[in-house]
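Written out below as structure tokens is the structure these notes cover.
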Amino acid sequence: MSDEAKTASSAVPDEDCKDCTRREFFAKLGIGSLIVAGAGTGLFSYEYFSPNVLFEASPIIRAGKPDQFPANTVTLDPQNGIYLVNGPKGFYALGAVCTHLGCLTAWKPELDLIACPCHGSRFNKDGVKVAGPAPQPLPRLKVWLSEEGYLMVDRSSPLKEQEFVKV
Ligand code: FES
């Protein structure tokens with residue numbers, strides 16, 4: 001077999017590698033495979049070594065200015081799952097998630113109660129259970145007035161005693 005015939009039979013017909021020999025083609029294929037494997041290993045290593053942290057919104061929320069809450073009202077903030085109550089002793093906050101199975105409760109002004117739509121638990125304005133299967137009262141949350149004049153609520157720290165913010 002002539003040299004030309006050998007070269008022609010070992011060349012791989014490829015658009016990008018028209019004049020490549022079989023050896024050059026496999027060398028390029030091998031390098032490409034190593035690059036892909038290296039990139040995959042790097043990506044999985046990064047995922048493995050990066051901290052497994054769940055990023056959540058801050059538990060501290062800015063509920064609003066005190067004048068947004070008229071006297072003797074219970075205001076539900078469904079986004080944040082809290083009630084802000086402007087009572088005779090001042091402002092206080094309650095968690096709005098039912099302590100039975102976690103449904104979002106609703107303020108019923110006609111009953112003067114907070115009611116859970118799921119299994120019928122009812123709570124008074126102080127969060128104390130008055131009916132239904134809920135095992136605990138609604139949690140009382142820390143409230144304070146920020147320097148900018150906003151009512152702030154910390155959803156992460158239920159209180160043992162109810163605290164009021166006088167404005
Ligand atoms: S979730 Fe509220 S009573 Fe069951």
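Identifiers in the structure tokens: chain A, B, ... in order shown; residue index from 1 per chain; ligand index from 1 in order shown.
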*Can you list, as a list of chain:residue names, every protein, DNA or RNA residue that comes within 8 Å of Ala96 of chain A when you count only C-alpha atoms, leaving out same-chain residues fewer than 6 positions away?*
A:Leu76, A:Pro78, A:Gly81, A:Ile82, A:Tyr83, A:Leu104, A:Thr105, A:Ala106, A:Leu138
Show me a table, sorted first by chain and then by increasing residue number, of the residues of chain A having an atom at most 12 Å from ligand 1, each with its shortest atom pair and the distance in Å to one decimal, counting only C-alpha atoms and all ligand atoms and written as a tab-separated table.
```
residue	atom	partner	partner_atom_place_in_ligand_line	distance
A:Ala96	CA	ligand 1	2 (Fe)	10.2
A:Val97	CA	ligand 1	2 (Fe)	7.8
A:Cys98	CA	ligand 1	2 (Fe)	4.6
A:Thr99	CA	ligand 1	2 (Fe)	6.5
A:His100	CA	ligand 1	1 (S)	4.5
A:Leu101	CA	ligand 1	1 (S)	3.8
A:Gly102	CA	ligand 1	1 (S)	5.0
A:Cys103	CA	ligand 1	1 (S)	4.6
A:Leu104	CA	ligand 1	2 (Fe)	7.5
A:Thr105	CA	ligand 1	2 (Fe)	7.1
A:Ala106	CA	ligand 1	2 (Fe)	10.3
A:Ile114	CA	ligand 1	2 (Fe)	10.5
A:Ala115	CA	ligand 1	2 (Fe)	8.0
A:Cys116	CA	ligand 1	2 (Fe)	4.7
A:Pro117	CA	ligand 1	2 (Fe)	6.6
A:Cys118	CA	ligand 1	4 (Fe)	5.0
A:His119	CA	ligand 1	3 (S)	3.8
A:Gly120	CA	ligand 1	3 (S)	5.0
A:Ser121	CA	ligand 1	3 (S)	4.3
A:Arg122	CA	ligand 1	3 (S)	7.8
A:Phe123	CA	ligand 1	2 (Fe)	10.2
A:Lys129	CA	ligand 1	3 (S)	10.2
A:Val130	CA	ligand 1	3 (S)	11.5
A:Ala131	CA	ligand 1	3 (S)	9.0
A:Gly132	CA	ligand 1	3 (S)	6.1
A:Pro133	CA	ligand 1	3 (S)	5.5
A:Ala134	CA	ligand 1	3 (S)	5.4
A:Pro135	CA	ligand 1	3 (S)	9.1
A:Gln136	CA	ligand 1	2 (Fe)	10.6
A:Pro137	CA	ligand 1	2 (Fe)	11.0
A:Leu138	CA	ligand 1	2 (Fe)	10.5
```
*Pick the closest to Gly64 of chain A from A:Gly40, A:Gly32, A:Gly149, A:Pro88: which is it, counting only C-alpha atoms?*
A:Gly149
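The smallest atom-to-atom distance between Arg62 of chain A and any of A:Glu47, A:Asp77, A:Glu24, A:Glu163, using only C-alpha atoms, is found for A:Asp77.
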*asked:* Residues within 10 Å of Val143 of chain A, please, as a PyMOL selection string. Count only C-alpha atoms; anything in the same chain fewer than 2 positions from it doesn't count.
replied: chain A and resi 60-63+84+91-94+140-141+145-146+151-155+159+162-165
*Run DSSP on the backbone and give me the residues of segment 12-141 of chain A it puts in helix (DSSP H, G or I), as JSON, numbers by chain.*
{"A": [22, 23, 24, 25, 26, 27, 28, 29, 30, 31, 32, 33, 34, 35, 36, 37, 38, 39, 40, 41, 42, 43, 44, 45, 46, 47, 48, 49, 66, 67, 68]}
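What separates atom CA of Glu161 of chain A from atom CA of Glu56 of chain A is a distance of 27.1 Å.
Among the candidate residues A:Leu113, A:Val167, A:Leu29, A:Ala71, the one lying nearest to Asn86 of chain A is A:Ala71, with distances computed using only C-alpha atoms.
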*Tell me, which residues of segment 68-130 of chain A carry DSSP strand (DSSP E or B), written as an NGL selection string?*
:A and (73-77 or 82-87 or 90-95 or 97 or 104 or 106-108 or 113-115 or 122-123 or 129-130)
